[in-house]
$ cat entry_12.cif   # mmCIF, C-alpha atoms
data_work
loop_
_atom_site.label_atom_id
_atom_site.label_comp_id
_atom_site.auth_asym_id
_atom_site.auth_seq_id
_atom_site.Cartn_x
_atom_site.Cartn_y
_atom_site.Cartn_z
CA MET A 1 -2.36 30.44 8.57
CA ARG A 2 1.03 29.94 10.19
CA TRP A 3 2.77 27.82 7.60
CA TYR A 4 5.76 26.85 9.75
CA ARG A 5 3.41 24.72 11.86
CA ILE A 6 2.98 22.16 9.07
CA PRO A 7 6.67 21.11 8.85
CA VAL A 8 6.81 21.16 12.66
CA PHE A 9 3.97 18.68 12.69
CA ILE A 10 5.54 16.47 10.05
CA GLY A 11 8.86 16.62 11.90
CA ALA A 12 7.18 15.41 15.09
CA GLY A 13 5.70 12.52 13.10
CA ILE A 14 9.10 11.63 11.68
CA VAL A 15 10.74 11.61 15.12
CA LEU A 16 7.97 9.54 16.72
CA GLY A 17 7.75 7.15 13.77
CA LEU A 18 11.48 6.46 13.63
CA ALA A 19 11.70 6.13 17.42
CA TRP A 20 8.78 3.69 17.50
CA ASN A 21 10.30 1.72 14.63
CA ALA A 22 13.64 1.49 16.44
CA TRP A 23 12.46 0.66 19.94
CA SER A 24 8.97 -0.83 19.89
CA GLY A 25 10.01 -4.27 18.72
CA ARG A 26 7.45 -4.00 15.92
CA GLY A 27 9.68 -2.11 13.53
CA LEU A 28 10.78 -3.09 10.05
CA ALA A 29 14.19 -2.98 8.37
CA LEU A 30 13.94 0.29 6.48
CA THR A 31 16.22 -0.62 3.60
CA SER A 32 14.89 -4.14 3.01
CA ASN A 33 12.01 -5.29 0.86
CA VAL A 34 9.36 -6.51 3.32
CA TYR A 35 8.36 -9.30 0.94
CA LEU A 36 11.77 -10.93 1.44
CA LYS A 37 12.14 -13.20 4.45
CA PRO A 38 15.28 -14.92 5.71
CA GLY A 39 15.92 -17.93 3.48
CA ASP A 40 14.20 -16.47 0.42
CA GLU A 41 16.26 -16.71 -2.74
CA THR A 42 15.84 -14.58 -5.84
CA VAL A 43 17.25 -14.75 -9.35
CA GLY A 44 17.69 -11.88 -11.80
CA VAL A 45 15.90 -11.88 -15.12
CA SER A 46 19.03 -12.33 -17.27
CA GLU A 47 20.20 -15.33 -15.23
CA ALA A 48 16.69 -16.78 -15.46
CA LYS A 49 16.81 -16.36 -19.25
CA ARG A 50 20.17 -18.15 -19.44
CA ARG A 51 18.69 -21.12 -17.55
CA PHE A 52 15.58 -20.95 -19.78
CA ASP A 53 17.73 -21.12 -22.91
CA ARG A 54 19.54 -24.18 -21.55
CA GLY A 55 16.18 -25.83 -20.82
CA ALA A 56 17.32 -26.15 -17.25
CA VAL A 57 14.45 -24.43 -15.52
CA LEU A 58 10.76 -24.85 -14.83
CA PHE A 59 8.84 -21.62 -14.34
CA VAL A 60 5.87 -21.46 -11.98
CA ASP A 61 3.30 -18.69 -12.36
CA ALA A 62 1.84 -17.62 -8.99
CA ARG A 63 -0.78 -15.27 -10.45
CA PRO A 64 -4.48 -16.15 -10.80
CA LYS A 65 -5.17 -18.75 -13.52
CA MET A 66 -7.16 -16.26 -15.60
CA ILE A 67 -4.11 -14.02 -15.95
CA TYR A 68 -1.81 -16.99 -16.53
CA ASP A 69 -4.03 -18.04 -19.45
CA LEU A 70 -3.64 -14.62 -21.04
CA GLU A 71 0.13 -14.35 -20.84
CA ARG A 72 2.94 -16.37 -19.27
CA ILE A 73 6.56 -17.34 -19.68
CA PRO A 74 6.69 -20.23 -22.20
CA GLY A 75 6.25 -23.60 -20.55
CA ALA A 76 5.33 -22.12 -17.16
CA LEU A 77 2.97 -24.05 -14.90
CA SER A 78 0.10 -22.35 -13.11
CA LEU A 79 0.22 -22.45 -9.32
CA PRO A 80 -1.91 -19.57 -8.03
CA GLU A 81 -1.24 -18.51 -4.47
CA ASP A 82 -4.98 -18.53 -3.64
CA GLU A 83 -5.48 -22.07 -4.92
CA PHE A 84 -2.16 -23.53 -3.92
CA ASP A 85 -3.27 -26.88 -2.47
CA ALA A 86 -5.61 -27.80 -5.32
CA ALA A 87 -3.21 -26.69 -8.06
CA PHE A 88 -0.16 -28.22 -6.41
CA SER A 89 -1.56 -31.73 -6.37
CA GLY A 90 -2.05 -31.56 -10.14
CA ILE A 91 1.51 -30.55 -10.97
CA GLU A 92 3.47 -32.05 -8.10
CA PRO A 93 5.11 -34.87 -10.12
CA ARG A 94 6.45 -32.40 -12.67
CA LEU A 95 7.77 -30.11 -9.95
CA ARG A 96 9.52 -32.97 -8.17
CA ASN A 97 11.24 -33.99 -11.38
CA ARG A 98 13.01 -30.64 -11.70
CA TYR A 99 15.62 -29.20 -9.43
CA ASP A 100 15.54 -25.68 -10.83
CA VAL A 101 12.15 -24.04 -10.19
CA ILE A 102 11.65 -20.29 -10.60
CA VAL A 103 8.43 -18.71 -9.34
CA TYR A 104 7.17 -15.38 -10.68
CA CYS A 105 4.17 -13.08 -10.41
CA SER A 106 3.27 -9.52 -11.44
CA GLY A 107 6.38 -7.72 -10.29
CA PHE A 108 7.07 -5.06 -7.73
CA GLY A 109 3.70 -4.90 -6.01
CA CYS A 110 3.17 -8.66 -6.00
CA GLU A 111 4.04 -10.94 -3.09
CA ALA A 112 2.45 -14.14 -4.41
CA SER A 113 5.71 -15.49 -5.89
CA HIS A 114 7.47 -15.21 -2.53
CA ILE A 115 4.62 -16.96 -0.75
CA VAL A 116 4.38 -19.76 -3.32
CA ALA A 117 8.16 -20.26 -3.32
CA ARG A 118 8.10 -20.64 0.47
CA GLN A 119 5.22 -23.11 0.28
CA LEU A 120 7.12 -25.16 -2.31
CA LYS A 121 10.18 -25.19 -0.10
CA GLU A 122 8.05 -26.43 2.80
CA LYS A 123 7.08 -29.35 0.56
CA GLY A 124 10.72 -30.08 -0.19
CA ILE A 125 10.89 -28.45 -3.62
CA PRO A 126 13.72 -25.91 -3.93
CA ALA A 127 12.27 -22.78 -5.51
CA VAL A 128 13.60 -19.30 -6.13
CA VAL A 129 11.76 -16.09 -7.02
CA LEU A 130 12.18 -14.19 -10.27
CA GLN A 131 13.19 -10.66 -9.33
CA ASP A 132 10.64 -8.05 -10.45
CA GLY A 133 8.44 -10.76 -11.96
CA ILE A 134 7.08 -11.13 -15.46
CA PRO A 135 7.15 -7.35 -16.21
CA ALA A 136 10.96 -7.45 -16.02
CA TRP A 137 10.99 -10.52 -18.30
CA GLN A 138 8.82 -8.70 -20.85
CA ASP A 139 10.75 -5.44 -20.53
CA ALA A 140 13.90 -7.36 -21.44
CA GLY A 141 12.18 -8.48 -24.65
CA TYR A 142 12.06 -12.16 -23.67
CA PRO A 143 9.31 -14.39 -25.08
CA VAL A 144 5.87 -14.94 -23.59
CA GLU A 145 2.97 -17.11 -24.70
CA GLY A 146 -0.79 -17.23 -24.06
CA ARG A 147 -4.14 -16.10 -25.40
CA ALA A 148 -3.13 -12.44 -25.44
CA ARG A 149 -0.23 -13.13 -27.83
CA MET B 1 -23.89 28.84 2.71
CA THR B 2 -20.91 30.77 4.08
CA ARG B 3 -22.84 31.41 7.31
CA LEU B 4 -23.46 27.72 7.66
CA LEU B 5 -19.80 26.85 7.06
CA ASN B 6 -18.74 29.56 9.52
CA ASN B 7 -20.79 27.99 12.27
CA VAL B 8 -18.51 27.05 15.12
CA TRP B 9 -20.55 23.97 16.06
CA LEU B 10 -20.49 22.67 12.51
CA GLN B 11 -16.74 23.17 12.43
CA ARG B 12 -16.29 21.40 15.76
CA GLY B 13 -18.32 18.51 14.41
CA LEU B 14 -16.25 18.35 11.24
CA ALA B 15 -13.02 18.50 13.26
CA LEU B 16 -14.21 15.60 15.43
CA LEU B 17 -15.20 13.62 12.35
CA VAL B 18 -11.96 14.15 10.41
CA GLY B 19 -9.83 13.86 13.56
CA GLY B 20 -11.60 10.67 14.65
CA VAL B 21 -11.11 9.09 11.24
CA PHE B 22 -7.40 9.92 11.30
CA VAL B 23 -6.87 8.55 14.82
CA PHE B 24 -8.78 5.36 13.96
CA ALA B 25 -6.87 5.04 10.69
CA SER B 26 -3.50 5.29 12.42
CA HIS B 27 -4.08 2.52 14.99
CA ASP B 28 -3.36 -0.66 12.99
CA LYS B 29 -0.65 1.03 10.94
CA ILE B 30 1.30 1.98 14.06
CA LEU B 31 0.93 -1.53 15.50
CA TRP B 32 1.81 -3.31 12.24
CA PRO B 33 4.17 -1.17 10.14
CA GLU B 34 5.33 -4.17 8.08
CA ARG B 35 1.76 -5.02 7.06
CA PHE B 36 1.21 -1.41 6.08
CA ALA B 37 4.43 -1.41 4.03
CA ARG B 38 3.16 -4.50 2.17
CA ILE B 39 -0.03 -2.63 1.29
CA LEU B 40 1.95 0.40 0.13
CA TYR B 41 3.94 -1.89 -2.16
CA HIS B 42 0.67 -3.11 -3.71
CA TYR B 43 -0.21 0.44 -4.76
CA GLN B 44 2.98 0.62 -6.86
CA VAL B 45 3.10 4.40 -6.53
CA ILE B 46 6.15 5.11 -4.38
CA GLY B 47 8.02 1.90 -5.04
CA PRO B 48 9.78 -0.31 -4.62
CA ASN B 49 10.56 -0.63 -8.30
CA ALA B 50 13.54 -0.41 -10.64
CA VAL B 51 14.05 3.26 -9.74
CA LEU B 52 12.74 3.67 -6.19
CA PRO B 53 14.26 1.50 -3.44
CA PRO B 54 12.21 -0.10 -0.63
CA LEU B 55 13.45 2.65 1.69
CA LEU B 56 10.86 5.13 0.40
CA PRO B 57 7.68 3.08 0.99
CA ASN B 58 9.17 1.72 4.22
CA LEU B 59 9.74 5.24 5.53
CA PHE B 60 6.18 6.14 4.58
CA ALA B 61 4.91 3.08 6.41
CA VAL B 62 6.80 4.07 9.54
CA ILE B 63 6.14 7.81 9.57
CA LEU B 64 2.74 8.39 7.97
CA PRO B 65 0.68 6.68 10.72
CA TRP B 66 2.24 8.93 13.35
CA VAL B 67 1.50 12.05 11.35
CA GLU B 68 -2.07 10.76 11.01
CA LEU B 69 -2.32 10.17 14.75
CA LEU B 70 -0.92 13.60 15.66
CA ALA B 71 -3.15 15.30 13.09
CA GLY B 72 -6.21 13.44 14.36
CA LEU B 73 -5.52 14.31 18.00
CA ALA B 74 -4.81 17.95 17.13
CA LEU B 75 -8.12 18.21 15.27
CA ILE B 76 -10.04 16.61 18.12
CA PHE B 77 -8.47 18.89 20.73
CA GLY B 78 -8.49 22.00 18.55
CA LEU B 79 -4.72 22.54 18.36
CA TRP B 80 -3.41 24.48 15.30
CA ARG B 81 -6.67 23.57 13.64
CA ARG B 82 -6.28 25.39 10.33
CA GLU B 83 -2.75 24.21 9.62
CA VAL B 84 -3.48 20.65 10.72
CA SER B 85 -6.65 20.62 8.60
CA LEU B 86 -4.63 21.65 5.58
CA LEU B 87 -2.08 18.92 6.30
CA SER B 88 -4.92 16.41 6.69
CA GLY B 89 -6.37 17.59 3.40
CA LEU B 90 -3.02 17.06 1.68
CA MET B 91 -2.80 13.52 3.06
CA LEU B 92 -6.34 12.79 1.89
CA LEU B 93 -5.58 14.23 -1.52
CA ALA B 94 -2.47 12.04 -1.84
CA PHE B 95 -4.53 9.00 -0.86
CA ILE B 96 -7.29 9.85 -3.35
CA VAL B 97 -4.68 10.21 -6.13
CA ALA B 98 -3.07 6.88 -5.15
CA VAL B 99 -6.38 4.98 -5.11
CA SER B 100 -7.53 6.61 -8.35
CA SER B 101 -4.27 5.70 -10.04
CA THR B 102 -4.65 2.03 -9.08
CA LEU B 103 -8.18 2.05 -10.49
CA TRP B 104 -6.89 3.66 -13.67
CA ARG B 105 -4.04 1.16 -14.02
CA GLY B 106 -6.28 -1.83 -13.26
CA ILE B 107 -4.38 -2.80 -10.11
CA ASP B 108 -6.55 -4.79 -7.72
CA ILE B 109 -6.00 -3.62 -4.14
CA GLU B 110 -7.75 -6.10 -1.85
CA ASN B 111 -7.00 -4.07 1.28
CA CYS B 112 -6.78 -0.30 0.90
CA GLY B 113 -4.82 0.05 4.16
CA CYS B 114 -7.34 2.60 5.37
CA PHE B 115 -8.19 1.09 8.76
CA SER B 116 -7.84 -2.64 9.31
CA LEU B 117 -4.69 -4.18 7.84
CA ASP B 118 -5.81 -7.81 8.07
CA ALA B 119 -7.81 -9.92 5.64
CA GLN B 120 -11.03 -8.11 6.56
CA GLY B 121 -9.64 -4.85 5.22
CA ARG B 122 -11.62 -2.90 2.70
CA ALA B 123 -10.83 -3.02 -1.01
CA ALA B 124 -9.78 0.17 -2.80
CA GLY B 125 -12.55 1.32 -5.13
CA LEU B 126 -14.65 4.19 -6.38
CA ALA B 127 -16.82 4.33 -3.23
CA LEU B 128 -13.68 4.85 -1.18
CA VAL B 129 -12.60 7.73 -3.43
CA ILE B 130 -16.01 9.40 -3.05
CA GLU B 131 -15.97 9.05 0.73
CA ASP B 132 -12.48 10.51 0.91
CA LEU B 133 -13.53 13.42 -1.30
CA GLY B 134 -16.15 14.17 1.37
CA LEU B 135 -13.50 14.09 4.09
CA LEU B 136 -11.26 16.28 1.94
CA ALA B 137 -14.06 18.83 1.59
CA ALA B 138 -14.47 18.84 5.38
CA ALA B 139 -10.73 19.33 5.90
CA LEU B 140 -10.68 22.22 3.43
CA VAL B 141 -13.61 23.91 5.18
CA LEU B 142 -11.71 23.65 8.47
CA ALA B 143 -8.54 24.99 6.86
CA PHE B 144 -9.94 27.95 4.95
CA VAL B 145 -13.31 28.96 6.43
CA PRO B 146 -12.88 30.84 9.70
CA ALA B 147 -15.12 29.64 12.52
CA ARG B 148 -17.42 32.23 14.01
CA PRO B 149 -19.54 31.71 17.13
CA ALA B 150 -23.23 31.38 16.30
CA ALA B 151 -24.02 34.18 18.76
CA LEU B 152 -21.74 36.56 16.86
CA ASP B 153 -23.53 35.67 13.64
CA LYS B 154 -26.82 36.64 15.18
CA VAL B 155 -25.42 40.02 16.23
CA ARG B 156 -23.92 40.68 12.80
CA HIS B 157 -27.12 39.84 11.02
CA GLY B 158 -29.26 41.73 13.49
CA LEU B 159 -31.14 38.65 14.58
#

$ encode --input "entry_12.cif" --output "structure tokens"
Amino acid sequence: MRWYRIPVFIGAGIVLGLAWNAWSGRGLALTSNVYLKPGDETVGVSEAKRRFDRGAVLFVDARPKMIYDLERIPGALSLPEDEFDAAFSGIEPRLRNRYDVIVYCSGFGCEASHIVARQLKEKGIPAVVLQDGIPAWQDAGYPVEGRAR
Amino acid sequence: MTRLLNNVWLQRGLALLVGGVFVFASHDKILWPERFARILYHYQVIGPNAVLPPLLPNLFAVILPWVELLAGLALIFGLWRREVSLLSGLMLLAFIVAVSSTLWRGIDIENCGCFSLDAQGRAAGLALVIEDLGLLAAALVLAFVPARPAALDKVRHGL
């Protein structure tokens, strides 16, 4: 076994990968979160809590309804990404009555909140995404409600 | 058993199998690095999170498919076979650990990012782990069991 061959191989992969990313036209911005698109807005968990305390915000939960039923930010409405059209029609009047809508989902590995926020914007409802989702809200010790409580 | 694993034709077959899987696996990832990055995010293993920035999974998404492609081609064409097999084994092991950890943590991965990156992609589950353990075994045989021509075996064993 000639061990030096392994880093040589990985090095070749690094060079080709970075070159392809830079010049193929298919590359991604290496330092940016790929869930974020131009026009997406996010809000940090402490700012979201301040708005929550003032009663100035309506939270929207983009996770599946089953998970929403177990645990959610108090007062949040369910608007699952997979059932957007059906769920939206049921809550549309309440969403249109509020200017400040914050969408959240399961945190770092979850894109549903970004997708739902974009869909709301397409329907003329300004919506921002809660950074790092409900795990960050819970980690900060903020309240949640639901069957699991 | 050792005689069987030594068999040069068996080893060529294993190299074609593992190499073919790696080449096939790299195709969509090279064409769609952003989709692959999204899938890496779903695993929640290498970030992004409060500690690890998006740079780490993004770099993986950009580089890993090329290492897969090079490894696959090297296995198919018999270049640096033992070293490349070990590298392939390490990649498979990392993937098995990642999939197992999502199963353990109850994270639902709808598309494992193995081959197709679109909606028809395969979910990460126990069957996938078992299949990859098989590929890992094949890679380890290629890395650590020297190939010996069948004719030489016959001479050695007086057949």

$ residues_around --input "entry_12.cif" --residues "Arg3 (chain B)" --least-positions-apart "2" --cutoff "10 Å" --atoms "only C-alpha atoms" --output "list in words"
Met1, Leu5, Asn6, Asn7, Val8, Val145, Ala147, Arg148, Ala150 and Asp153 of chain B

$ residues_around --input "entry_12.cif" --residues "region 35-42 of chain B" --least-positions-apart "6" --cutoff "7 Å" --atoms "only C-alpha atoms" --output "PyMOL selection string"
(chain A and resi 34+109-110) or (chain B and resi 29+48+57-58+61+109+113+117)

$ interface_residues --input "entry_12.cif" --of "chain B" --to "chain A" --cutoff "8 Å" --atoms "all atoms listed in the file" --output "tab-separated table (two decimals) with C-alpha atoms, in the frame of the given file"
chain	number	residue	atom	x	y	z
B	31	LEU	CA	0.93	-1.53	15.50
B	32	TRP	CA	1.81	-3.31	12.24
B	33	PRO	CA	4.17	-1.17	10.14
B	34	GLU	CA	5.33	-4.17	8.08
B	37	ALA	CA	4.43	-1.41	4.03
B	38	ARG	CA	3.16	-4.50	2.17
B	41	TYR	CA	3.94	-1.89	-2.16
B	42	HIS	CA	0.67	-3.11	-3.71
B	43	TYR	CA	-0.21	0.44	-4.76
B	44	GLN	CA	2.98	0.62	-6.86
B	47	GLY	CA	8.02	1.90	-5.04
B	48	PRO	CA	9.78	-0.31	-4.62
B	49	ASN	CA	10.56	-0.63	-8.30
B	53	PRO	CA	14.26	1.50	-3.44
B	54	PRO	CA	12.21	-0.10	-0.63
B	55	LEU	CA	13.45	2.65	1.69
B	58	ASN	CA	9.17	1.72	4.22
B	59	LEU	CA	9.74	5.24	5.53
B	62	VAL	CA	6.80	4.07	9.54
B	63	ILE	CA	6.14	7.81	9.57
B	64	LEU	CA	2.74	8.39	7.97
B	65	PRO	CA	0.68	6.68	10.72
B	66	TRP	CA	2.24	8.93	13.35
B	67	VAL	CA	1.50	12.05	11.35
B	70	LEU	CA	-0.92	13.60	15.66
B	71	ALA	CA	-3.15	15.30	13.09
B	80	TRP	CA	-3.41	24.48	15.30
B	82	ARG	CA	-6.28	25.39	10.33
B	83	GLU	CA	-2.75	24.21	9.62
B	84	VAL	CA	-3.48	20.65	10.72
B	87	LEU	CA	-2.08	18.92	6.30

$ resolve_selection --input "entry_12.cif" --expression "the PyMOL selection byres ((chain A and resi 73-87) around 6)" --output "list in words"
Phe59, Val60, Asp61, Ala62, Arg63, Pro64, Arg72, Phe88, Ser89, Gly90, Ala112, Val116, Val144 and Glu145 of chain A

$ residues_around --input "entry_12.cif" --residues "Leu130 (chain A)" --least-positions-apart "2" --cutoff "7 Å" --atoms "only C-alpha atoms" --output "list in words"
Thr42, Val43, Gly44, Val45, Ile102, Val103, Tyr104, Val128, Asp132 and Gly133 of chain A

$ resolve_selection --input "entry_12.cif" --expression "the PyMOL selection byres ((chain B and resi 108) around 9)" --output "MDAnalysis selection string"
chainID B and resid 42:43 102:103 106:107 109:110 123:125

$ write_last_selection --input "entry_12.cif" --atoms "C-alpha atoms" --output "PDB file, keeping the file's coordinate frame"
ATOM      1  CA  HIS B  42       0.670  -3.110  -3.710  1.00  0.00           C
ATOM      2  CA  TYR B  43      -0.210   0.440  -4.760  1.00  0.00           C
ATOM      3  CA  THR B 102      -4.650   2.030  -9.080  1.00  0.00           C
ATOM      4  CA  LEU B 103      -8.180   2.050 -10.490  1.00  0.00           C
ATOM      5  CA  GLY B 106      -6.280  -1.830 -13.260  1.00  0.00           C
ATOM      6  CA  ILE B 107      -4.380  -2.800 -10.110  1.00  0.00           C
ATOM      7  CA  ILE B 109      -6.000  -3.620  -4.140  1.00  0.00           C
ATOM      8  CA  GLU B 110      -7.750  -6.100  -1.850  1.00  0.00           C
ATOM      9  CA  ALA B 123     -10.830  -3.020  -1.010  1.00  0.00           C
ATOM     10  CA  ALA B 124      -9.780   0.170  -2.800  1.00  0.00           C
ATOM     11  CA  GLY B 125     -12.550   1.320  -5.130  1.00  0.00           C
TER      12      GLY B 125
END

$ atom_distance --input "entry_12.cif" --atom1 "CA of Ile125 (chain A)" --atom2 "CA of Ala56 (chain A)"
15.2 Å

$ atom_distance --input "entry_12.cif" --atom1 "CA of Glu122 (chain A)" --atom2 "CA of Arg50 (chain A)"
26.6 Å

$ residues_around --input "entry_12.cif" --residues "Gly134 (chain B)" --least-positions-apart "6" --cutoff "12 Å" --atoms "only C-alpha atoms" --output "list in words"
Leu14, Leu17, Val18, Gly89, Leu92, Leu93, Ile96, Ala127, Leu128, Leu140 and Val141 of chain B
